[in-house]
file query26.cif (mmCIF, C-alpha atoms)
data_target
#
loop_
_atom_site.label_atom_id
_atom_site.label_comp_id
_atom_site.auth_asym_id
_atom_site.auth_seq_id
_atom_site.Cartn_x
_atom_site.Cartn_y
_atom_site.Cartn_z
CA MET A 1 153.21 -12.31 -38.55
CA THR A 2 155.17 -11.89 -35.32
CA ASP A 3 157.93 -9.97 -37.13
CA ASN A 4 155.37 -7.58 -38.63
CA MET A 5 153.82 -6.93 -35.21
CA GLU A 6 157.23 -6.29 -33.68
CA GLY A 7 158.12 -3.95 -36.55
CA GLU A 8 154.88 -1.97 -36.14
CA SER A 9 155.37 -1.75 -32.38
CA ARG A 10 158.92 -0.51 -32.83
CA SER A 11 157.79 2.01 -35.44
CA ALA A 12 155.10 3.36 -33.10
CA LEU A 13 157.62 3.60 -30.26
CA GLN A 14 160.07 5.43 -32.51
CA LYS A 15 157.38 7.93 -33.56
CA ARG A 16 156.59 8.66 -29.92
CA TRP A 17 160.26 9.12 -29.16
CA ASP A 18 160.74 11.40 -32.17
CA ALA A 19 157.81 13.57 -31.06
CA PHE A 20 159.15 13.77 -27.51
CA ASP A 21 162.67 14.49 -28.71
CA ALA A 22 161.49 17.23 -31.09
CA GLY A 23 159.53 18.96 -28.32
CA LEU A 24 162.46 18.68 -25.94
CA ALA A 25 164.80 20.11 -28.58
CA ARG A 26 162.53 23.13 -29.09
CA ALA A 27 162.45 23.76 -25.34
CA GLU A 28 166.24 23.43 -25.13
CA GLY A 29 166.70 25.82 -28.03
CA VAL A 30 164.51 28.48 -26.40
CA PHE A 31 166.27 27.99 -23.08
CA ILE A 32 169.73 28.34 -24.67
CA VAL A 33 168.77 31.52 -26.50
CA LEU A 34 167.29 33.12 -23.39
CA LEU A 35 170.16 32.08 -21.14
CA LEU A 36 172.78 33.28 -23.63
CA GLY A 37 171.00 36.63 -23.96
CA VAL A 38 170.86 37.08 -20.18
CA MET A 39 174.53 36.14 -19.81
CA VAL A 40 175.67 38.53 -22.55
CA GLY A 41 173.59 41.36 -21.09
CA LEU A 42 174.80 40.71 -17.55
CA GLY A 43 178.44 40.49 -18.63
CA PHE A 44 178.21 43.71 -20.67
CA LEU A 45 176.54 45.54 -17.78
CA GLN A 46 179.21 44.32 -15.39
CA VAL A 47 181.97 45.62 -17.67
CA VAL A 48 180.29 49.03 -18.01
CA LEU A 49 179.75 49.35 -14.28
CA ARG A 50 183.34 48.43 -13.46
CA ASN A 51 185.06 50.63 -16.05
CA ILE A 52 182.85 53.70 -15.83
CA PHE A 53 181.22 53.74 -12.40
CA HIS A 54 183.88 51.68 -10.56
CA THR A 55 181.28 49.36 -9.08
CA GLY A 56 179.61 46.13 -10.09
CA ILE A 57 176.82 43.64 -9.52
CA PHE A 58 177.33 41.46 -6.47
CA SER A 59 178.30 37.84 -7.35
CA ALA A 60 177.71 38.45 -11.08
CA ASP A 61 180.90 36.61 -11.99
CA LEU A 62 179.89 33.54 -10.00
CA LEU A 63 176.46 33.51 -11.63
CA LEU A 64 178.03 33.78 -15.08
CA ARG A 65 180.21 30.74 -14.36
CA GLN A 66 177.20 28.72 -13.30
CA GLY A 67 175.30 29.93 -16.36
CA LEU A 68 178.16 28.77 -18.57
CA LEU A 69 177.85 25.29 -17.08
CA TRP A 70 174.12 25.21 -17.85
CA LEU A 71 174.74 26.54 -21.35
CA ALA A 72 177.41 23.94 -22.11
CA LEU A 73 175.39 20.93 -20.94
CA ALA A 74 172.18 22.12 -22.59
CA GLY A 75 174.05 22.57 -25.87
CA ALA A 76 175.74 19.18 -25.50
CA SER A 77 172.37 17.52 -24.96
CA LEU A 78 170.95 19.24 -28.01
CA ALA A 79 173.95 18.22 -30.12
CA SER A 80 173.51 14.53 -29.27
CA ARG A 81 170.12 14.21 -31.00
CA GLY A 82 169.42 13.30 -34.63
CA GLU A 83 172.54 12.94 -36.73
CA GLY A 84 174.76 13.68 -33.75
CA ARG A 85 176.80 16.89 -33.85
CA HIS A 86 179.36 15.91 -31.26
CA ILE A 87 183.02 15.86 -32.24
CA ASP A 88 183.99 12.23 -32.67
CA ILE A 89 186.86 10.23 -34.12
CA ASP A 90 185.29 8.35 -37.03
CA ILE A 91 188.38 6.90 -38.71
CA LEU A 92 187.19 3.34 -38.15
CA SER A 93 183.70 4.01 -39.53
CA ARG A 94 185.21 5.46 -42.72
CA MET A 95 187.37 2.41 -43.27
CA LEU A 96 184.62 -0.16 -42.69
CA PRO A 97 181.98 -1.09 -45.27
CA ALA A 98 178.64 0.67 -45.02
CA ARG A 99 176.81 -2.33 -43.57
CA TRP A 100 179.41 -2.65 -40.80
CA ALA A 101 179.72 1.09 -40.16
CA LYS A 102 176.04 1.32 -39.21
CA TRP A 103 176.40 -1.27 -36.46
CA THR A 104 179.69 0.25 -35.33
CA ARG A 105 177.93 3.58 -34.87
CA ARG A 106 175.20 1.91 -32.83
CA LEU A 107 177.78 0.24 -30.62
CA THR A 108 179.51 3.60 -30.13
CA ASP A 109 176.21 5.25 -29.17
CA LEU A 110 175.52 2.45 -26.69
CA PHE A 111 178.93 2.94 -25.10
CA ALA A 112 178.36 6.71 -24.92
CA ALA A 113 174.98 6.09 -23.26
CA GLY A 114 176.70 4.02 -20.58
CA VAL A 115 179.32 6.68 -19.95
CA CYS A 116 176.68 9.42 -19.70
CA THR A 117 174.67 7.28 -17.27
CA LEU A 118 177.69 6.96 -14.99
CA LEU A 119 178.35 10.70 -15.19
CA ALA A 120 174.70 11.45 -14.41
CA TYR A 121 174.90 9.20 -11.35
CA ALA A 122 178.10 10.90 -10.20
CA GLY A 123 176.47 14.31 -10.71
CA TRP A 124 173.48 13.20 -8.65
CA LEU A 125 175.74 12.12 -5.79
CA PHE A 126 177.61 15.42 -5.94
CA MET A 127 174.36 17.39 -5.89
CA ALA A 128 173.08 15.32 -2.94
CA GLU A 129 176.25 16.09 -0.97
CA GLU A 130 175.82 19.81 -1.63
CA TRP A 131 172.19 19.53 -0.51
CA ALA A 132 173.20 17.81 2.72
CA ALA A 133 175.99 20.30 3.39
CA GLY A 134 173.73 23.28 2.77
CA SER A 135 176.31 24.95 0.52
CA ARG A 136 175.44 28.32 -0.98
CA ILE A 137 176.88 30.36 -3.83
CA ALA A 138 177.75 33.94 -2.84
CA GLY A 139 176.02 33.25 0.45
CA LEU A 140 172.58 33.62 -1.18
CA PHE A 141 171.78 30.87 -3.66
CA PRO A 142 171.71 27.14 -2.81
CA ALA A 143 174.51 25.39 -4.69
CA TRP A 144 172.48 22.24 -5.42
CA GLY A 145 170.05 24.27 -7.57
CA PHE A 146 172.82 25.21 -9.99
CA GLN A 147 174.37 21.73 -9.92
CA LEU A 148 171.07 20.10 -10.84
CA VAL A 149 172.13 20.49 -14.47
CA LEU A 150 174.83 17.81 -14.01
CA PRO A 151 172.54 14.79 -13.57
CA ALA A 152 169.86 16.31 -15.81
CA GLY A 153 172.20 17.15 -18.69
CA PHE A 154 174.11 13.86 -18.68
CA GLY A 155 170.86 11.96 -18.19
CA LEU A 156 169.32 13.51 -21.30
CA MET A 157 172.45 12.82 -23.31
CA GLY A 158 172.46 9.21 -22.14
CA LEU A 159 168.80 8.83 -23.10
CA ARG A 160 169.42 10.22 -26.57
CA PHE A 161 172.48 8.04 -27.13
CA LEU A 162 170.47 5.02 -26.02
CA ALA A 163 167.67 5.90 -28.46
CA ALA A 164 170.24 6.32 -31.25
CA ALA A 165 171.69 2.89 -30.45
CA TRP A 166 168.22 1.31 -30.51
CA PHE A 167 166.53 3.08 -33.42
CA GLY A 168 169.61 4.12 -35.38
CA ARG A 169 170.51 7.57 -36.61
CA PRO A 170 169.15 9.26 -39.74
CA PRO A 171 171.50 9.49 -42.72
CA PRO A 172 173.73 12.58 -42.58
CA ALA A 173 172.60 15.53 -44.65
CA GLU A 174 174.87 16.63 -47.48
CA ASP A 175 176.51 19.90 -46.51
CA LEU A 176 178.23 20.42 -49.85
CA PRO A 177 176.42 21.56 -53.01
CA PRO A 178 175.96 18.98 -55.79
CA LYS A 179 178.94 18.49 -58.06
CA PHE A 180 178.73 20.11 -61.43
CA ALA A 181 179.36 18.15 -64.58
CA SER A 182 182.74 18.49 -66.23
CA LEU A 183 183.16 20.73 -69.26
CA GLY A 184 183.31 17.80 -71.63
CA ALA A 185 180.22 16.05 -70.28
CA ALA A 186 177.14 15.73 -72.41
CA GLN A 187 174.38 18.25 -71.75
CA PRO A 188 170.94 17.05 -70.67
CA PRO A 189 168.17 16.93 -73.33
CA GLY A 190 166.62 20.31 -74.05
CA ALA A 191 169.58 22.30 -72.76
CA ALA A 192 170.57 25.24 -74.92
CA GLU A 193 173.97 25.04 -76.53
CA PRO A 194 176.39 27.95 -76.07
CA PRO A 195 176.27 30.46 -78.94
CA GLY A 196 179.01 30.23 -81.56
CA GLU A 197 181.88 32.65 -81.44
CA ALA A 198 181.56 35.51 -83.92
CA GLN A 199 184.52 36.17 -86.16
CA PRO A 200 186.11 39.61 -86.15
CA PRO A 201 184.85 41.96 -88.91
CA GLY A 202 186.72 41.72 -92.17
CA GLU A 203 188.51 38.52 -91.33
CA ALA A 204 188.37 36.23 -94.34
CA GLN A 205 188.01 32.51 -93.99
CA PRO A 206 190.54 30.25 -95.68
CA PRO A 207 189.51 28.91 -99.10
CA GLY A 208 187.40 25.80 -98.89
CA ALA A 209 186.67 26.21 -95.19
CA ALA A 210 183.18 25.06 -94.32
CA GLN A 211 180.96 27.49 -92.49
CA PRO A 212 178.96 26.34 -89.43
CA PRO A 213 175.33 25.40 -90.17
CA GLY A 214 172.99 28.37 -90.21
CA ALA A 215 175.82 30.93 -90.35
CA ALA A 216 175.18 33.97 -92.57
CA PRO A 217 177.70 34.62 -95.36
CA PRO A 218 179.97 37.62 -94.86
CA PRO A 219 179.00 40.92 -96.58
CA GLY A 220 180.05 40.98 -100.23
CA GLY A 221 181.05 37.38 -100.13
CA GLY A 222 178.43 36.26 -102.65
CA GLU A 223 179.37 35.12 -106.13
CA GLY A 224 179.18 37.74 -108.87
#
call {"tool": "encode", "arguments": {"input": "query26.cif", "output": "structure tokens"}}
result
Amino acid sequence: MTDNMEGESRSALQKRWDAFDAGLARAEGVFIVLLLGVMVGLGFLQVVLRNIFHTGIFSADLLLRQGLLWLALAGASLASRGEGRHIDIDILSRMLPARWAKWTRRLTDLFAAGVCTLLAYAGWLFMAEEWAAGSRIAGLFPAWGFQLVLPAGFGLMGLRFLAAAWFGRPPPAEDLPPKFASLGAAQPPGAAEPPGEAQPPGEAQPPGAAQPPGAAPPPGGGEG
């Protein structure tokens, strides 16, 4: 009875997390698309202005660098959800049996959550120092506003790794198409057999050779 209640509670908690994670992923996807579009447009405009009009947008290069940081961490956070799209070294998980590989993956996600938590804390300290120092980018924009992505990005990744370690990850989707049967394999019931090869006109069969079932006799081949 207690195990059933714990299982239902965990299932309800996982559903809430899945709903939150799906909504967050949609927001991250929209943000990445918009930010990438703005960065491409700004970079193209900067190139045109420099090569044709010999001028440029003030501090555009610095803003593009900061935008690249936001784009990288937002994409990394999005890649850590679900099946996990991060590049990892999974030699050990391929060598272990399936029942051990699942727990090895959970232990790896737990370790990654701890590392991301430390990086988020370090990013928070760095942002706080920039806040206290009053640093500005290009003399206009407060530096801490751009560096806010460091604790936020690593914090979201740590939260997703922790959820993967607790709930487990879904089975990986098959990227390859299904394997086709070999040429000699039996066909499924109801499948049409390939048509027989027609013999060239005028070619006589050897005496006593049996014709395939249902084959029409050659012209003039009937008995007199």
call {"tool": "residues_around", "arguments": {"input": "query26.cif", "residues": "A:Arg106", "least_positions_apart": "5", "cutoff": "8 Å", "atoms": "only C-alpha atoms", "output": "list in words"}}
result
Ala164, Ala165, Trp166 and Gly168 of chain A
call {"tool": "atom_distance", "arguments": {"input": "query26.cif", "atom1": "atom CA of A:Gly134", "atom2": "atom CA of A:Glu28"}}
result
28.9 Å
call {"tool": "atom_distance", "arguments": {"input": "query26.cif", "atom1": "atom CA of A:Ser11", "atom2": "atom CA of A:Gly155"}}
result
23.8 Å
call {"tool": "residues_near_point", "arguments": {"input": "query26.cif", "point": "(169.8, 20.9, -15.6)", "cutoff": "12 Å", "atoms": "all atoms listed in the file", "output": "MDAnalysis selection string"}}
result
chainID A and resid 28 31:32 66:77 120 123:124 127 144:157
call {"tool": "atom_distance", "arguments": {"input": "query26.cif", "atom1": "atom CA of A:Val40", "atom2": "atom CA of A:Phe58"}}
result
16.4 Å
call {"tool": "resolve_selection", "arguments": {"input": "query26.cif", "expression": "the PyMOL selection byres ((chain A and resi 21) around 12)", "output": "PyMOL selection string"}}
result
chain A and resi 14-20+22-28+77-82+156-157+159-161+163-164
call {"tool": "closest_residue", "arguments": {"input": "query26.cif", "among": "A:Ala128, A:Ala133, A:Leu162, A:Ala143", "to": "A:Val115", "atoms": "all atoms listed in the file"}}
result
A:Leu162
call {"tool": "resolve_selection", "arguments": {"input": "query26.cif", "expression": "the PyMOL selection byres ((chain A and resi 39) around 10)", "output": "PyMOL selection string"}}
result
chain A and resi 33-38+40-45+60+63-65+67-68+71
call {"tool": "closest_residue", "arguments": {"input": "query26.cif", "among": "A:Val30, A:Met95, A:Leu62, A:Leu13", "to": "A:Arg136", "atoms": "only C-alpha atoms"}}
result
A:Leu62
